[in-house]
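Note sheet for the following structure.
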Amino acid sequence: MASTVSDRPGYGQLLRTPGAWTFLLPGFAARQPFAMLTIGIVLLVQHTTGSYGSAGAVAAVSGVSMALFAPQSGRLADRFGQRAVLLPGVLMHAASVGALTALALADAPLWALFLAAVPTGASIPQVGPMVRARWAARLGAAPGRPASPLMTTAAAFESVTDEFTFVVGPVLATALCTGVHPAAGLIAEAALTLLGGLLFAAQRSTQPAPRSAATADAPHRSALSVPGVRVLAITFLGIGSVFGGMQVSLTAFSEEIGRPGVNGLLYGVFAAGNMLAGIACGAIAWKSSPRRRLTVGYVALTLTASGLWAVHSVPLLAGLGLLVGLCIAPALISGYTLVDALVPASARTEAFTWLTGAVALGQAAAVTVAGQLADANGASTGFVVPLAGTALALATLLTLRSRLTPPPGGRTVARGMGHRESVTVD
């Protein structure tokens, strides 16, 4: 249930936060890898090997590598500062993408592509979590100061920004790969990462204080030790299965009907639905708790994903893809909002990277399975993967949702001008 938009601060007030634009603009360019890398690998490796299964497997290795290394990157950023992690990271990523591209074009054996995919995924800069941590540092609670009512608006804004990259990134990568050269998508991804990452790292005034400086004497616990973060990570695995399953299955479907160029359009419609829902979520003053919104949104996501495998026409697939996209943003925003209540500031970047890493891991598994299914039985069977992934995650969420309640004395999160909504009750 929602109240009127006028009851809460909006995007305009959020964007007037001092220093916000200094990290938002370079951050947008630097977060493109998460949107462009998987589809860029799939299109290049499928071109050089002729197999969606091989292409999906290489992309999956990079996704698994990211999922394993992203939390370590977040932990290091919390401890030593974002700049110290970003500078070597973006340089390593650009070099790794270049190596993977060269090996694919040289028709290297599959094992060589797997080896190159490991540092490619491990070095993906975790700019999205870093931006979220900067918002939290600017707007979040501090001793004697309550959390800003703009925190939920910031979570929605970041979800919209992420999904806008998923509108731009896959379409751009597909257009470059199909219209310029099969390797052009990955080359552009590496260039954007390098330029945006260096510019983002240069914005030192807005980065959160490193833990070693702010809480040098405090014992540190991993964000994953918080039970709610583990539940959210499993939930985000299911969301990753939607992204990965859609990327591979839409590509295979477009090739199957002889219209490869329609792939970018279909994925763009799917991502646009996600973006529009994110805009709406940030413009509404919700009276229901984030935990309830997460549950309701996830049920809707599972139901809409259940029909993908049965659709065989472009207009119907675009329409259903739009509905699936509309259901993703509420779940993502609710999950990220819960992190602010569950996790202390000293581990927040790490917590965000666990969630983005879970999305990457779910995406990697989905890309692999959907690629194998598409090779063996056609594109429609690949769409079973989003259904299976979301159904399993939903079962976990419903069973363990009580762990998403902050401990006694935990913070409440502001939900509107002059309103506060506790995340401890439904």
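Please note that chains go A, B, ... in the order of the structure tokens, that every chain numbers its residues from 1, and that ligands are numbered from 1 in the order shown.
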**OP:** Excluding Ser65 in chain A and residues on its chain fewer than 6 positions from it, collect all residues at most 10 Å away from it, counting only C-alpha atoms, and give them as a list of chain:residue names.
**Re:** A:Ala59, A:Ala117, A:Val118, A:Pro119, A:Thr120, A:Gly121, A:Ala122, A:Ser123, A:Ile124, A:Gly357, A:Ala360, A:Leu361, A:Ala364
Create the file for the chosen residues now, containing C-alpha atoms and written as a PDB file, in the first residue's frame.
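Contents of the output file selection.pdb:
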```pdb
ATOM      1  CA  ALA A  59      30.590 -16.512 -19.680  1.00  0.00           C
ATOM      2  CA  ALA A 117      37.721 -15.770 -18.119  1.00  0.00           C
ATOM      3  CA  VAL A 118      38.824 -16.172 -14.483  1.00  0.00           C
ATOM      4  CA  PRO A 119      40.743 -12.872 -14.125  1.00  0.00           C
ATOM      5  CA  THR A 120      38.207 -11.195 -16.411  1.00  0.00           C
ATOM      6  CA  GLY A 121      35.403 -11.899 -13.937  1.00  0.00           C
ATOM      7  CA  ALA A 122      37.502 -11.495 -10.800  1.00  0.00           C
ATOM      8  CA  SER A 123      38.572  -7.984 -11.779  1.00  0.00           C
ATOM      9  CA  ILE A 124      35.140  -6.555 -12.602  1.00  0.00           C
ATOM     10  CA  GLY A 357      28.052 -11.441  -6.522  1.00  0.00           C
ATOM     11  CA  ALA A 360      26.500 -12.846 -10.993  1.00  0.00           C
ATOM     12  CA  LEU A 361      26.663 -16.434  -9.709  1.00  0.00           C
ATOM     13  CA  ALA A 364      26.594 -17.681 -14.544  1.00  0.00           C
TER      14      ALA A 364
END
```
**OP:** Measuring atom to atom with only C-alpha atoms, identify which of A:Val385, A:Cys281, A:Leu400, A:Leu316 is nearest to Gln363 in chain A.
**Re:** A:Val385
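Here CA of Ser62 in chain A is placed at a distance of 21.7 Å from CA of Thr390 in chain A.
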**OP:** Write out as a PyMOL selection string all residues of range 94-250 of chain A that backbone DSSP assigns to alpha helix (DSSP H).
**Re:** chain A and resi 94-105+110-122+127-139+151-179+184-201+211-214+227-250
Original post:
Using only C-alpha atoms, which residue out of A:Ser73, A:Ser54, A:Gln247, A:Thr152 lies closest to Tyr11 in chain A?
Top reply: A:Thr152
**OP:** Identify, with DSSP run on backbone atoms, the residues in range 116-299 of chain A assigned to strand (DSSP E or B), and express the list as a PyMOL selection string.
**Re:** chain A and resi 142+145+285-286
Output all heavy atoms for every residue in the selection just made, as a short mmCIF file (atom, residue, chain, number, x, y, z; two decimals), in the first residue's frame.
```cif
data_model
loop_
_atom_site.label_atom_id
_atom_site.label_comp_id
_atom_site.auth_asym_id
_atom_site.auth_seq_id
_atom_site.Cartn_x
_atom_site.Cartn_y
_atom_site.Cartn_z
N ALA A 142 24.26 8.00 11.67
CA ALA A 142 25.53 8.18 12.36
C ALA A 142 25.20 8.40 13.83
O ALA A 142 24.03 8.63 14.18
CB ALA A 142 26.28 9.38 11.78
N ARG A 145 22.49 10.82 14.92
CA ARG A 145 21.80 11.34 13.73
C ARG A 145 21.03 10.20 13.08
O ARG A 145 21.61 9.16 12.76
CB ARG A 145 22.81 11.92 12.75
CG ARG A 145 22.18 12.41 11.46
CD ARG A 145 23.16 13.25 10.65
NE ARG A 145 24.37 12.52 10.32
CZ ARG A 145 24.50 11.78 9.21
NH1 ARG A 145 23.49 11.67 8.36
NH2 ARG A 145 25.62 11.15 8.95
N ALA A 285 5.73 6.47 -1.51
CA ALA A 285 5.99 6.36 -0.07
C ALA A 285 5.32 5.09 0.44
O ALA A 285 4.14 5.08 0.75
CB ALA A 285 5.46 7.58 0.66
N TRP A 286 6.08 4.03 0.52
CA TRP A 286 5.52 2.73 0.89
C TRP A 286 5.19 2.66 2.38
O TRP A 286 5.97 3.11 3.21
CB TRP A 286 6.50 1.62 0.54
CG TRP A 286 6.75 1.49 -0.93
CD1 TRP A 286 7.81 2.00 -1.62
CD2 TRP A 286 5.93 0.83 -1.88
NE1 TRP A 286 7.70 1.70 -2.95
CE2 TRP A 286 6.55 0.97 -3.14
CE3 TRP A 286 4.73 0.12 -1.80
CZ2 TRP A 286 6.02 0.44 -4.31
CZ3 TRP A 286 4.19 -0.41 -2.96
CH2 TRP A 286 4.82 -0.25 -4.19
#
```
Subject >> Exercise: Ala351 in chain A partners within 12 Å, only C-alpha atoms, chain neighbours under 2 positions left out, as a count of residues only >> reply: 48
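Distance check against Arg31 in chain A using only C-alpha atoms: of A:Leu250, A:Asp162, A:Leu139, A:Val61, the minimum falls on A:Asp162.
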**OP:** Identify which of the residues A:Trp111, A:Gly185, A:Leu237, A:Tyr298 lies closest to Val42 in chain A, counting only C-alpha atoms when measuring atom-to-atom distances.
**Re:** A:Gly185
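Atom to atom, CA of Val90 in chain A and CA of Leu195 in chain A stand 8.7 Å apart.
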**OP:** Return the single residue from A:Thr235, A:Gly378, A:Ala305, A:Ala388 that is closest to Arg401 in chain A, with distances computed using only C-alpha atoms.
**Re:** A:Thr235
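Minimum atom-to-atom distance to Ala277 in chain A, evaluated using only C-alpha atoms, belongs to A:Ala156 out of A:Ala156, A:Ala318, A:Ala136, A:Met151.
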